[in-house]
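Colleague: This is the content of work_6.cif (mmCIF, C-alpha atoms and all ligand atoms):
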```
data_protein
loop_
_atom_site.group_PDB
_atom_site.id
_atom_site.type_symbol
_atom_site.label_atom_id
_atom_site.label_comp_id
_atom_site.auth_asym_id
_atom_site.auth_seq_id
_atom_site.Cartn_x
_atom_site.Cartn_y
_atom_site.Cartn_z
ATOM 1 C CA MET A 73 142.063 4.834 92.478
ATOM 2 C CA PRO A 74 138.679 4.891 94.247
ATOM 3 C CA LYS A 75 135.698 4.702 91.997
ATOM 4 C CA ALA A 76 133.892 7.983 91.423
ATOM 5 C CA ARG A 77 130.503 8.303 93.009
ATOM 6 C CA GLY A 78 128.928 9.534 89.834
ATOM 7 C CA PHE A 79 126.277 12.141 89.364
ATOM 8 C CA ASP A 80 123.450 10.139 90.829
ATOM 9 C CA GLY A 81 125.399 9.684 94.041
ATOM 10 C CA GLU A 82 126.016 5.954 93.574
ATOM 11 C CA GLU A 83 128.891 3.900 92.315
ATOM 12 C CA ASN A 84 127.507 3.353 88.915
ATOM 13 C CA GLU A 85 128.764 1.955 85.632
ATOM 14 C CA ASP A 86 125.530 2.733 83.825
ATOM 15 C CA GLU A 87 126.059 6.452 83.477
ATOM 16 C CA ASP A 88 124.682 6.668 79.996
ATOM 17 C CA ARG A 89 121.012 6.270 80.769
ATOM 18 C CA VAL A 90 120.605 10.012 80.406
ATOM 19 C CA GLY A 91 122.161 10.222 77.039
ATOM 20 C CA ARG A 92 125.932 10.420 77.103
ATOM 21 C CA PRO A 93 127.248 8.553 74.051
ATOM 22 C CA GLN A 94 128.816 5.172 74.728
ATOM 23 C CA VAL A 95 132.571 5.204 74.456
ATOM 24 C CA ALA A 96 133.176 1.524 75.156
ATOM 25 C CA ALA A 97 135.080 0.823 71.953
ATOM 26 C CA MET A 98 137.870 3.178 72.864
ATOM 27 C CA THR A 99 141.418 2.029 73.169
ATOM 28 C CA SER A 100 142.978 2.772 76.503
ATOM 29 C CA THR A 101 145.982 5.018 77.041
ATOM 30 C CA GLY A 102 146.628 3.957 80.607
ATOM 31 C CA ASP A 103 145.362 6.460 83.128
ATOM 32 C CA ALA A 104 145.189 9.437 80.747
ATOM 33 C CA ALA A 105 141.712 10.905 80.620
ATOM 34 C CA LEU A 106 142.919 13.305 77.962
ATOM 35 C CA SER A 107 145.962 13.134 75.782
ATOM 36 C CA VAL A 108 147.237 15.902 73.521
ATOM 37 C CA SER A 109 149.993 15.226 71.015
ATOM 38 C CA GLY A 110 151.794 17.195 68.319
ATOM 39 C CA LEU A 111 149.284 20.060 68.437
ATOM 40 C CA THR A 112 150.158 22.878 66.074
ATOM 41 C CA LEU A 113 147.935 25.889 65.470
ATOM 42 C CA ASN A 114 148.637 28.817 63.158
ATOM 43 C CA PHE A 115 146.772 32.089 62.799
ATOM 44 C CA GLY A 116 147.972 33.131 59.370
ATOM 45 C CA GLY A 117 151.703 33.622 59.796
ATOM 46 C CA LEU A 118 151.573 33.426 63.596
ATOM 47 C CA ARG A 119 152.254 30.079 65.228
ATOM 48 C CA ALA A 120 150.159 30.060 68.404
ATOM 49 C CA LEU A 121 150.884 26.409 69.308
ATOM 50 C CA SER A 122 153.841 24.341 68.242
ATOM 51 C CA ASP A 123 153.969 20.571 68.706
ATOM 52 C CA VAL A 124 152.204 20.728 72.067
ATOM 53 C CA GLY A 125 151.842 17.429 73.895
ATOM 54 C CA PHE A 126 150.863 16.340 77.412
ATOM 55 C CA ASP A 127 148.587 13.924 79.250
ATOM 56 C CA VAL A 128 145.919 14.698 81.806
ATOM 57 C CA ALA A 129 145.754 11.845 84.315
ATOM 58 C CA GLU A 130 142.309 10.620 85.230
ATOM 59 C CA GLY A 131 141.141 12.098 88.531
ATOM 60 C CA SER A 132 143.814 14.802 88.568
ATOM 61 C CA ILE A 133 143.821 18.574 88.590
ATOM 62 C CA THR A 134 146.138 19.667 85.798
ATOM 63 C CA ALA A 135 146.960 23.354 85.398
ATOM 64 C CA ILE A 136 148.149 25.049 82.226
ATOM 65 C CA ILE A 137 150.212 28.106 83.055
ATOM 66 C CA GLY A 138 152.399 30.502 81.102
ATOM 67 C CA PRO A 139 152.948 34.208 80.495
ATOM 68 C CA ASN A 140 150.416 36.315 78.573
ATOM 69 C CA GLY A 141 150.161 35.270 74.955
ATOM 70 C CA ALA A 142 151.763 31.856 75.595
ATOM 71 C CA GLY A 143 148.900 30.014 73.891
ATOM 72 C CA LYS A 144 146.821 28.800 76.853
ATOM 73 C CA THR A 145 143.440 29.965 75.537
ATOM 74 C CA SER A 146 144.278 28.727 72.044
ATOM 75 C CA LEU A 147 145.070 25.320 73.519
ATOM 76 C CA PHE A 148 141.771 25.270 75.426
ATOM 77 C CA ASN A 149 139.919 26.221 72.271
ATOM 78 C CA CYS A 150 141.580 23.361 70.376
ATOM 79 C CA ILE A 151 140.698 20.851 73.087
ATOM 80 C CA SER A 152 137.060 21.924 73.276
ATOM 81 C CA GLY A 153 136.824 22.022 69.482
ATOM 82 C CA PHE A 154 136.397 25.755 68.829
ATOM 83 C CA TYR A 155 139.679 25.868 66.917
ATOM 84 C CA ARG A 156 140.875 23.301 64.395
ATOM 85 C CA PRO A 157 144.641 22.814 64.740
ATOM 86 C CA GLN A 158 146.672 22.301 61.577
ATOM 87 C CA ALA A 159 148.361 19.234 63.076
ATOM 88 C CA GLY A 160 148.185 16.959 66.072
ATOM 89 C CA ALA A 161 145.679 14.823 67.903
ATOM 90 C CA ILE A 162 143.453 15.096 70.963
ATOM 91 C CA ARG A 163 142.437 11.837 72.589
ATOM 92 C CA PHE A 164 139.654 11.579 75.115
ATOM 93 C CA GLU A 165 139.836 8.306 77.035
ATOM 94 C CA GLY A 166 141.915 6.909 74.209
ATOM 95 C CA ARG A 167 139.593 7.950 71.401
ATOM 96 C CA ASP A 168 140.734 10.479 68.834
ATOM 97 C CA ILE A 169 138.206 13.330 69.082
ATOM 98 C CA SER A 170 140.135 15.788 66.899
ATOM 99 C CA ARG A 171 137.463 15.828 64.215
ATOM 100 C CA LEU A 172 134.446 16.112 66.502
ATOM 101 C CA HIS A 173 132.503 19.353 66.801
ATOM 102 C CA PRO A 174 132.282 21.097 70.214
ATOM 103 C CA PRO A 175 128.774 19.771 71.068
ATOM 104 C CA GLU A 176 129.862 16.217 70.279
ATOM 105 C CA ARG A 177 132.856 16.619 72.588
ATOM 106 C CA ALA A 178 130.574 18.036 75.248
ATOM 107 C CA ARG A 179 128.252 15.040 74.920
ATOM 108 C CA LEU A 180 131.187 12.704 75.510
ATOM 109 C CA GLY A 181 131.816 14.466 78.810
ATOM 110 C CA LEU A 182 134.064 17.432 78.100
ATOM 111 C CA ALA A 183 132.623 20.586 79.695
ATOM 112 C CA ARG A 184 134.179 24.004 80.040
ATOM 113 C CA THR A 185 133.794 27.428 81.551
ATOM 114 C CA PHE A 186 135.066 30.620 79.954
ATOM 115 C CA GLN A 187 137.555 33.345 80.880
ATOM 116 C CA ASN A 188 134.781 35.924 80.599
ATOM 117 C CA ILE A 189 131.615 34.631 82.171
ATOM 118 C CA ALA A 190 129.295 33.261 79.491
ATOM 119 C CA LEU A 191 125.945 33.213 81.280
ATOM 120 C CA PHE A 192 122.583 34.619 80.181
ATOM 121 C CA ARG A 193 122.443 37.638 82.445
ATOM 122 C CA GLY A 194 118.702 38.229 82.214
ATOM 123 C CA MET A 195 117.848 34.632 83.092
ATOM 124 C CA THR A 196 117.704 33.158 86.574
ATOM 125 C CA VAL A 197 120.418 31.023 88.102
ATOM 126 C CA LEU A 198 118.278 27.900 87.764
ATOM 127 C CA ASP A 199 117.445 28.542 84.097
ATOM 128 C CA ASN A 200 121.115 29.062 83.324
ATOM 129 C CA ILE A 201 121.973 25.781 85.012
ATOM 130 C CA LYS A 202 119.209 24.005 83.121
ATOM 131 C CA LEU A 203 120.859 25.055 79.889
ATOM 132 C CA GLY A 204 123.672 22.642 80.780
ATOM 133 C CA ARG A 205 121.302 19.727 80.294
ATOM 134 C CA HIS A 206 120.635 20.551 76.658
ATOM 135 C CA VAL A 207 123.945 19.119 75.680
ATOM 136 C CA HIS A 208 122.482 15.660 76.294
ATOM 137 C CA MET A 209 119.040 16.323 74.835
ATOM 138 C CA ARG A 210 118.121 14.311 71.799
ATOM 139 C CA THR A 211 117.168 16.691 69.070
ATOM 140 C CA ASN A 212 116.572 14.792 65.859
ATOM 141 C CA LEU A 213 113.159 13.416 64.957
ATOM 142 C CA LEU A 214 114.065 9.732 64.926
ATOM 143 C CA ASP A 215 115.784 9.884 68.291
ATOM 144 C CA GLY A 216 112.860 11.889 69.570
ATOM 145 C CA LEU A 217 110.357 9.228 68.453
ATOM 146 C CA ILE A 218 112.392 6.382 69.908
ATOM 147 C CA TYR A 219 112.887 8.268 73.104
ATOM 148 C CA TRP A 220 109.394 9.584 73.482
ATOM 149 C CA GLY A 221 107.308 8.730 76.534
ATOM 150 C CA ARG A 222 108.383 7.126 79.749
ATOM 151 C CA ALA A 223 112.109 6.995 79.052
ATOM 152 C CA GLN A 224 112.146 10.657 78.181
ATOM 153 C CA ARG A 225 110.246 11.578 81.334
ATOM 154 C CA GLU A 226 112.724 9.544 83.355
ATOM 155 C CA GLU A 227 115.556 11.357 81.636
ATOM 156 C CA ILE A 228 114.099 14.729 82.583
ATOM 157 C CA GLU A 229 113.603 13.606 86.178
ATOM 158 C CA VAL A 230 117.175 12.346 86.473
ATOM 159 C CA ARG A 231 118.468 15.635 85.111
ATOM 160 C CA ALA A 232 116.361 17.681 87.501
ATOM 161 C CA GLU A 233 117.819 15.570 90.312
ATOM 162 C CA ILE A 234 121.330 16.266 89.076
ATOM 163 C CA GLU A 235 120.591 19.993 88.954
ATOM 164 C CA GLU A 236 119.369 19.917 92.542
ATOM 165 C CA ARG A 237 122.526 18.120 93.648
ATOM 166 C CA VAL A 238 124.666 20.689 91.853
ATOM 167 C CA ILE A 239 122.764 23.602 93.439
ATOM 168 C CA ASP A 240 123.093 22.035 96.852
ATOM 169 C CA PHE A 241 126.767 21.191 96.390
ATOM 170 C CA LEU A 242 127.722 24.707 95.269
ATOM 171 C CA GLU A 243 125.599 26.312 98.000
ATOM 172 C CA ILE A 244 123.564 28.493 95.664
ATOM 173 C CA ASN A 245 120.070 27.449 96.686
ATOM 174 C CA HIS A 246 119.332 30.892 98.151
ATOM 175 C CA ILE A 247 119.887 32.560 94.778
ATOM 176 C CA ARG A 248 118.327 29.952 92.499
ATOM 177 C CA ASN A 249 115.564 32.306 91.325
ATOM 178 C CA HIS A 250 117.697 35.440 91.137
ATOM 179 C CA PRO A 251 118.610 36.870 87.758
ATOM 180 C CA VAL A 252 122.299 36.334 87.094
ATOM 181 C CA ALA A 253 122.800 40.059 86.428
ATOM 182 C CA SER A 254 121.989 40.844 90.064
ATOM 183 C CA LEU A 255 124.745 38.620 91.472
ATOM 184 C CA ALA A 256 128.212 39.506 92.704
ATOM 185 C CA TYR A 257 131.040 38.440 90.431
ATOM 186 C CA GLY A 258 132.206 35.503 92.567
ATOM 187 C CA LEU A 259 128.707 34.045 92.678
ATOM 188 C CA ARG A 260 128.324 34.394 88.925
ATOM 189 C CA LYS A 261 131.518 32.386 88.475
ATOM 190 C CA ARG A 262 130.043 29.754 90.765
ATOM 191 C CA VAL A 263 126.857 29.614 88.688
ATOM 192 C CA GLU A 264 128.966 29.079 85.599
ATOM 193 C CA LEU A 265 130.661 26.190 87.347
ATOM 194 C CA ALA A 266 127.221 24.835 88.284
ATOM 195 C CA ARG A 267 126.085 24.909 84.684
ATOM 196 C CA ALA A 268 129.205 23.048 83.559
ATOM 197 C CA LEU A 269 128.707 20.451 86.311
ATOM 198 C CA ALA A 270 125.076 19.950 85.294
ATOM 199 C CA MET A 271 126.461 18.626 82.003
ATOM 200 C CA ARG A 272 127.807 15.700 84.035
ATOM 201 C CA PRO A 273 131.315 16.071 82.668
ATOM 202 C CA LYS A 274 134.095 13.539 82.939
ATOM 203 C CA ILE A 275 136.582 16.308 82.314
ATOM 204 C CA LEU A 276 135.923 19.865 83.406
ATOM 205 C CA MET A 277 137.923 22.590 81.708
ATOM 206 C CA LEU A 278 138.118 25.784 83.754
ATOM 207 C CA ASP A 279 139.378 28.916 82.039
ATOM 208 C CA GLU A 280 140.777 31.197 84.757
ATOM 209 C CA PRO A 281 138.271 30.140 87.421
ATOM 210 C CA VAL A 282 139.390 32.768 89.961
ATOM 211 C CA ALA A 283 140.253 35.680 87.674
ATOM 212 C CA GLY A 284 138.932 38.923 89.182
ATOM 213 C CA MET A 285 137.985 37.301 92.494
ATOM 214 C CA ASN A 286 138.860 38.607 95.934
ATOM 215 C CA ARG A 287 140.696 36.407 98.428
ATOM 216 C CA GLU A 288 137.589 34.971 100.054
ATOM 217 C CA GLU A 289 135.926 34.183 96.729
ATOM 218 C CA THR A 290 139.179 32.571 95.544
ATOM 219 C CA GLU A 291 139.355 30.377 98.632
ATOM 220 C CA ASP A 292 135.737 29.311 98.176
ATOM 221 C CA MET A 293 136.343 28.468 94.542
ATOM 222 C CA ALA A 294 139.509 26.495 95.404
ATOM 223 C CA ARG A 295 137.500 24.401 97.845
ATOM 224 C CA PHE A 296 134.757 23.763 95.278
ATOM 225 C CA ILE A 297 137.276 22.747 92.609
ATOM 226 C CA LEU A 298 138.938 20.296 95.003
ATOM 227 C CA ASP A 299 135.546 18.880 95.976
ATOM 228 C CA VAL A 300 134.535 18.485 92.330
ATOM 229 C CA LYS A 301 137.638 16.359 91.903
ATOM 230 C CA GLU A 302 137.465 14.426 95.149
ATOM 231 C CA GLU A 303 133.741 13.970 95.732
ATOM 232 C CA TRP A 304 132.473 13.885 92.179
ATOM 233 C CA GLY A 305 135.451 12.126 90.603
ATOM 234 C CA VAL A 306 135.744 14.684 87.807
ATOM 235 C CA THR A 307 139.109 15.234 86.128
ATOM 236 C CA ILE A 308 140.016 18.920 85.961
ATOM 237 C CA LEU A 309 142.067 20.829 83.425
ATOM 238 C CA MET A 310 142.426 24.521 84.165
ATOM 239 C CA VAL A 311 144.136 27.597 82.811
ATOM 240 C CA GLU A 312 145.044 29.881 85.679
ATOM 241 C CA HIS A 313 147.281 32.886 86.306
ATOM 242 C CA ASP A 314 146.895 32.789 90.079
ATOM 243 C CA MET A 315 150.021 30.886 91.086
ATOM 244 C CA GLY A 316 148.826 30.604 94.676
ATOM 245 C CA LEU A 317 145.818 28.595 93.515
ATOM 246 C CA VAL A 318 147.913 26.554 91.081
ATOM 247 C CA MET A 319 150.402 25.659 93.818
ATOM 248 C CA ASP A 320 147.646 24.841 96.289
ATOM 249 C CA ILE A 321 145.400 22.538 94.323
ATOM 250 C CA SER A 322 147.150 21.215 91.204
ATOM 251 C CA ASP A 323 148.561 17.721 90.928
ATOM 252 C CA HIS A 324 150.332 18.450 87.683
ATOM 253 C CA VAL A 325 151.354 21.617 85.857
ATOM 254 C CA VAL A 326 152.083 22.160 82.167
ATOM 255 C CA VAL A 327 153.972 25.353 81.310
ATOM 256 C CA LEU A 328 153.567 26.991 77.919
ATOM 257 C CA ASN A 329 155.742 29.721 76.479
ATOM 258 C CA PHE A 330 155.478 31.046 72.919
ATOM 259 C CA GLY A 331 153.201 28.141 72.056
ATOM 260 C CA GLN A 332 155.546 25.426 73.274
ATOM 261 C CA VAL A 333 155.566 23.219 76.342
ATOM 262 C CA ILE A 334 158.676 24.231 78.268
ATOM 263 C CA ALA A 335 158.073 22.259 81.469
ATOM 264 C CA ARG A 336 155.743 19.708 83.014
ATOM 265 C CA GLY A 337 155.569 18.204 86.482
ATOM 266 C CA ALA A 338 154.493 18.752 90.058
ATOM 267 C CA PRO A 339 153.852 22.433 90.974
ATOM 268 C CA ALA A 340 157.021 22.785 93.070
ATOM 269 C CA GLU A 341 159.122 21.228 90.284
ATOM 270 C CA VAL A 342 157.951 23.509 87.512
ATOM 271 C CA THR A 343 158.172 26.711 89.516
ATOM 272 C CA ALA A 344 161.802 25.873 90.368
ATOM 273 C CA ASP A 345 162.595 25.170 86.712
ATOM 274 C CA GLU A 346 165.140 27.583 85.203
ATOM 275 C CA GLN A 347 163.343 27.790 81.866
ATOM 276 C CA VAL A 348 160.065 28.591 83.562
ATOM 277 C CA ILE A 349 161.633 31.319 85.675
ATOM 278 C CA ARG A 350 163.259 32.787 82.566
ATOM 279 C CA ALA A 351 159.937 32.711 80.689
ATOM 280 C CA TYR A 352 158.199 34.631 83.455
ATOM 281 C CA LEU A 353 161.189 36.965 83.786
ATOM 282 C CA GLY A 354 161.002 37.713 80.059
ATOM 283 C CA ALA A 355 157.347 38.516 80.454
ATOM 284 C CA GLY A 356 158.048 40.730 83.466
ATOM 285 C CA ASP A 357 155.958 38.486 85.700
ATOM 286 C CA ILE A 358 158.702 36.963 87.842
ATOM 287 C CA GLY A 359 158.122 39.220 90.858
ATOM 288 C CA GLN A 360 154.470 38.264 90.860
ATOM 289 C CA LEU A 361 155.327 34.593 90.433
ATOM 290 C CA LYS A 362 157.761 34.629 93.360
ATOM 291 C CA ALA A 363 155.469 36.674 95.598
ATOM 292 C CA ARG A 364 152.590 34.344 95.006
ATOM 293 C CA ILE A 365 154.656 31.239 95.610
ATOM 294 C CA ALA A 366 156.078 32.795 98.773
ATOM 295 C CA GLY A 367 152.564 33.770 99.849
ATOM 296 C CA THR A 368 151.395 30.211 99.367
ATOM 297 C CA GLU A 369 154.292 28.777 101.336
ATOM 298 C CA ALA A 370 153.713 31.212 104.169
ATOM 299 C CA ALA A 371 150.016 30.365 104.370
HETATM 300 N N1 LIG B 1 141.850 34.552 66.978
HETATM 301 C C1 LIG B 1 143.135 34.891 66.883
HETATM 302 N N2 LIG B 1 143.636 35.418 65.745
HETATM 303 C C2 LIG B 1 144.931 35.744 65.635
HETATM 304 N N3 LIG B 1 145.845 35.576 66.623
HETATM 305 C C3 LIG B 1 145.401 35.051 67.779
HETATM 306 C C4 LIG B 1 144.038 34.690 67.973
HETATM 307 N N4 LIG B 1 143.898 34.188 69.224
HETATM 308 C C5 LIG B 1 145.130 34.237 69.789
HETATM 309 N N5 LIG B 1 146.025 34.759 68.923
HETATM 310 C C6 LIG B 1 147.463 34.933 69.175
HETATM 311 O O1 LIG B 1 147.972 33.652 69.544
HETATM 312 C C7 LIG B 1 148.933 33.792 70.584
HETATM 313 C C8 LIG B 1 148.447 32.990 71.789
HETATM 314 O O2 LIG B 1 147.322 33.652 72.338
HETATM 315 P P1 LIG B 1 146.449 33.047 73.520
HETATM 316 O O3 LIG B 1 145.281 33.952 73.724
HETATM 317 O O4 LIG B 1 146.165 31.617 73.255
HETATM 318 O O5 LIG B 1 147.473 33.187 74.748
HETATM 319 P P2 LIG B 1 147.164 33.069 76.309
HETATM 320 O O6 LIG B 1 148.299 32.304 76.888
HETATM 321 O O7 LIG B 1 145.809 32.530 76.540
HETATM 322 O O8 LIG B 1 147.233 34.583 76.774
HETATM 323 P P3 LIG B 1 146.520 35.304 78.037
HETATM 324 O O9 LIG B 1 147.192 34.769 79.259
HETATM 325 O O10 LIG B 1 146.848 36.752 77.818
HETATM 326 O O11 LIG B 1 145.059 35.002 77.977
HETATM 327 C C9 LIG B 1 149.063 35.274 70.875
HETATM 328 O O12 LIG B 1 150.171 35.749 70.137
HETATM 329 C C10 LIG B 1 147.761 35.851 70.351
HETATM 330 O O13 LIG B 1 147.944 37.191 69.932
#
```
Before we go any further, please render this structure as structure tokens.

Modeller:
Amino acid sequence: MPKARGFDGEENEDEDRVGRPQVAAMTSTGDAALSVSGLTLNFGGLRALSDVGFDVAEGSITAIIGPNGAGKTSLFNCISGFYRPQAGAIRFEGRDISRLHPPERARLGLARTFQNIALFRGMTVLDNIKLGRHVHMRTNLLDGLIYWGRAQREEIEVRAEIEERVIDFLEINHIRNHPVASLAYGLRKRVELARALAMRPKILMLDEPVAGMNREETEDMARFILDVKEEWGVTILMVEHDMGLVMDISDHVVVLNFGQVIARGAPAEVTADEQVIRAYLGAGDIGQLKARIAGTEAA
């Protein structure tokens, strides 16, 4: 696998000069950037996830699909640390991160976007993107004292450089000083992606990245997601209902139904799987599934 260029544009092993915690002591699990095993989550008497397990290969785009209520958002919330599952483990580059809080996971390189855009609407695009950097900022007094001065200035400069690269890459320079509230929906989604990228993630979790977008916005977003993977070397895990997008850009698909993994594999494999078709049929979504797959094949 070709080495990722990294966020400073060079092949670079020394990524942690701007504050991402070292993870050198981790045990390896082959090529899995993320590994989920035995995940079980209950809300009172309701079992939202049951013994869920899958791997996300480094450098891949992995999609989580499934009918409404299948447990996709719950799974995302477990992986990013917002929910604490009753059982199971989440390994990031071989290290068990199940007990880490969301900001600690983010500092390791796990960034996410949300189903409903979570930007500060009154702030400008640039200020929203800058918020992404705070995940790496040292906040306690001792760290602050050690880091004071030249090193800290360098850190700020490197981050500003990263932000400029992100703005350039996502083609949002012309709106950098616009308040987010004034932007069209598709652009707002792109700004959210920019903020997540400014966190310099190793794994980017996208929660319905094209929900509510028109065809042109969806195509733009698909291209950006592919470029994030290919040019920036970021592993992508996404929840998405748009089967056209899933078929087009995913390397691997995990299908959830009633909180369980019912199929895993290449997009064409899982959409031909009897159990998957039945799950969508049960949810009344099969017509949509077939139409979207057919639409993709025709394109
Ligand atoms: N905070 C919560 N409290 C109680 N039940 C919840 C909570 N969040 C989710 N659930 C339930 O857990 C199950 C899985 O929901 P989840 O939102 O994870 O599904 P989903 O696949 O993301 O659905 P959708 O595609 O509609 O977003 C559903 O039965 C849902 O009602």

Colleague: Which of these, A:Val238, A:Met310, A:Leu172, A:Ile349, has the shortest distance to ligand LIG 1 (chain B) once you count all atoms listed in the file?

Modeller: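 Once distances to ligand LIG 1 (chain B) are computed over all atoms listed in the file, the minimum belongs to A:Met310.
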
Colleague: Can you work out which residues are within 12 Å of ligand LIG 1 (chain B), considering all atoms listed in the file, and then hand them over as a PyMOL selection string?

Modeller: chain A and resi 112-122+136-150+154-156+186-188+279-280+283+310-314+327-333+352+355+357

Colleague: Can I get the selection written as a short mmCIF file (atom, residue, chain, number, x, y, z; two decimals), keeping the file's coordinate frame, with C-alpha atoms?

Modeller:
```
data_model
loop_
_atom_site.label_atom_id
_atom_site.label_comp_id
_atom_site.auth_asym_id
_atom_site.auth_seq_id
_atom_site.Cartn_x
_atom_site.Cartn_y
_atom_site.Cartn_z
CA THR A 112 150.16 22.88 66.07
CA LEU A 113 147.94 25.89 65.47
CA ASN A 114 148.64 28.82 63.16
CA PHE A 115 146.77 32.09 62.80
CA GLY A 116 147.97 33.13 59.37
CA GLY A 117 151.70 33.62 59.80
CA LEU A 118 151.57 33.43 63.60
CA ARG A 119 152.25 30.08 65.23
CA ALA A 120 150.16 30.06 68.40
CA LEU A 121 150.88 26.41 69.31
CA SER A 122 153.84 24.34 68.24
CA ILE A 136 148.15 25.05 82.23
CA ILE A 137 150.21 28.11 83.06
CA GLY A 138 152.40 30.50 81.10
CA PRO A 139 152.95 34.21 80.50
CA ASN A 140 150.42 36.32 78.57
CA GLY A 141 150.16 35.27 74.96
CA ALA A 142 151.76 31.86 75.60
CA GLY A 143 148.90 30.01 73.89
CA LYS A 144 146.82 28.80 76.85
CA THR A 145 143.44 29.96 75.54
CA SER A 146 144.28 28.73 72.04
CA LEU A 147 145.07 25.32 73.52
CA PHE A 148 141.77 25.27 75.43
CA ASN A 149 139.92 26.22 72.27
CA CYS A 150 141.58 23.36 70.38
CA PHE A 154 136.40 25.76 68.83
CA TYR A 155 139.68 25.87 66.92
CA ARG A 156 140.88 23.30 64.40
CA PHE A 186 135.07 30.62 79.95
CA GLN A 187 137.56 33.34 80.88
CA ASN A 188 134.78 35.92 80.60
CA ASP A 279 139.38 28.92 82.04
CA GLU A 280 140.78 31.20 84.76
CA ALA A 283 140.25 35.68 87.67
CA MET A 310 142.43 24.52 84.16
CA VAL A 311 144.14 27.60 82.81
CA GLU A 312 145.04 29.88 85.68
CA HIS A 313 147.28 32.89 86.31
CA ASP A 314 146.90 32.79 90.08
CA VAL A 327 153.97 25.35 81.31
CA LEU A 328 153.57 26.99 77.92
CA ASN A 329 155.74 29.72 76.48
CA PHE A 330 155.48 31.05 72.92
CA GLY A 331 153.20 28.14 72.06
CA GLN A 332 155.55 25.43 73.27
CA VAL A 333 155.57 23.22 76.34
CA TYR A 352 158.20 34.63 83.46
CA ALA A 355 157.35 38.52 80.45
CA ASP A 357 155.96 38.49 85.70
#
```

Colleague: Do you know which residues are at most 10 Å from Gly110 (chain A) counting all atoms listed in the file, after dropping those on the same chain fewer than 2 positions away, and could you put them as a list in words?

Modeller: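 Counting all atoms listed in the file, the residues come to Val108, Thr112, Leu113, Leu121, Ser122, Asp123, Val124, Gly125, Phe126, Pro157, Gln158, Ala159, Gly160, Ala161 and Ile162 of chain A.
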
Colleague: Return the padded bounding box of region 235-253 of chain A as JSON: axis-aligned, built from all atoms listed in the file, 8 Å added on each side, with centre and edge lengths in Å to one decimal.

Modeller:
```
{"center_x": 121.6, "center_y": 29.1, "center_z": 92.3, "size_x": 28.2, "size_y": 37.9, "size_z": 27.7}
```

Colleague: Distance CA of Ala338 (chain A)-CA of His324 (chain A), one decimal place?

Modeller: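 The value is 4.8 Å.
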
Colleague: For region 274-297 of chain A against region 242-264 of chain A, with a cut-off of 9 Å and counting only C-alpha atoms, what is the closest atom pair and its distance in Å to one decimal for every residue that makes the cut, ordered by chain and number, as a Markdown table?

Modeller:
```
| residue | atom | partner | partner_atom | distance |
| --- | --- | --- | --- | --- |
| A:Pro281 | CA | A:Lys261 | CA | 7.2 |
| A:Val282 | CA | A:Lys261 | CA | 8.0 |
| A:Gly284 | CA | A:Tyr257 | CA | 8.0 |
| A:Met285 | CA | A:Gly258 | CA | 6.1 |
| A:Asn286 | CA | A:Gly258 | CA | 8.1 |
| A:Glu289 | CA | A:Gly258 | CA | 5.7 |
| A:Thr290 | CA | A:Gly258 | CA | 8.1 |
| A:Met293 | CA | A:Arg262 | CA | 7.5 |
| A:Phe296 | CA | A:Leu242 | CA | 7.1 |
```

Colleague: Now that the selection is made, can you save its residues with C-alpha atoms as a PDB file, keeping the file's coordinate frame?

Modeller:
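This went into part03.pdb:
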```pdb
ATOM      1  CA  PRO A 281     138.271  30.140  87.421  1.00  0.00           C
ATOM      2  CA  VAL A 282     139.390  32.768  89.961  1.00  0.00           C
ATOM      3  CA  GLY A 284     138.932  38.923  89.182  1.00  0.00           C
ATOM      4  CA  MET A 285     137.985  37.301  92.494  1.00  0.00           C
ATOM      5  CA  ASN A 286     138.860  38.607  95.934  1.00  0.00           C
ATOM      6  CA  GLU A 289     135.926  34.183  96.729  1.00  0.00           C
ATOM      7  CA  THR A 290     139.179  32.571  95.544  1.00  0.00           C
ATOM      8  CA  MET A 293     136.343  28.468  94.542  1.00  0.00           C
ATOM      9  CA  PHE A 296     134.757  23.763  95.278  1.00  0.00           C
TER      10      PHE A 296
END
```

Colleague: At what distance in Å, to one decimal, does CA of Met315 (chain A) lie from CA of Arg272 (chain A)?

Modeller: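 CA of Met315 (chain A) lies at a distance of 27.8 Å from CA of Arg272 (chain A).
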
Colleague: With all atoms listed in the file as the counted atoms, please give the residues lying no more than 12 Å from Asp323 (chain A), apart from itself and same-chain residues fewer than 5 positions off, as a PyMOL selection string.

Modeller: chain A and resi 128-136+298+301+307-310+317-318+336-342

Colleague: In Å, with one decimal, what is the gap from CA of Arg350 (chain A) to CA of Ser109 (chain A)?

Modeller: 24.9 Å

Colleague: Which one of A:Val325, A:Asp292, A:Arg231, A:Phe241 sits closest to Trp304 (chain A) if you count only C-alpha atoms?

Modeller: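 Going through A:Val325, A:Asp292, A:Arg231, A:Phe241 one by one, the smallest distance to Trp304 (chain A) is for A:Phe241.
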
Colleague: Using all atoms listed in the file, pick whichever of A:Val306, A:Ile169, A:Ile275, A:Ala270 has the shortest atom-to-atom distance to Leu198 (chain A).

Modeller: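 Result for the nearest residue to Leu198 (chain A): A:Ala270.
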
Colleague: I'd like to know which of A:Glu165, A:Arg287, A:Arg237, A:Val326 is closest to Thr343 (chain A), using only C-alpha atoms.

Modeller: A:Val326
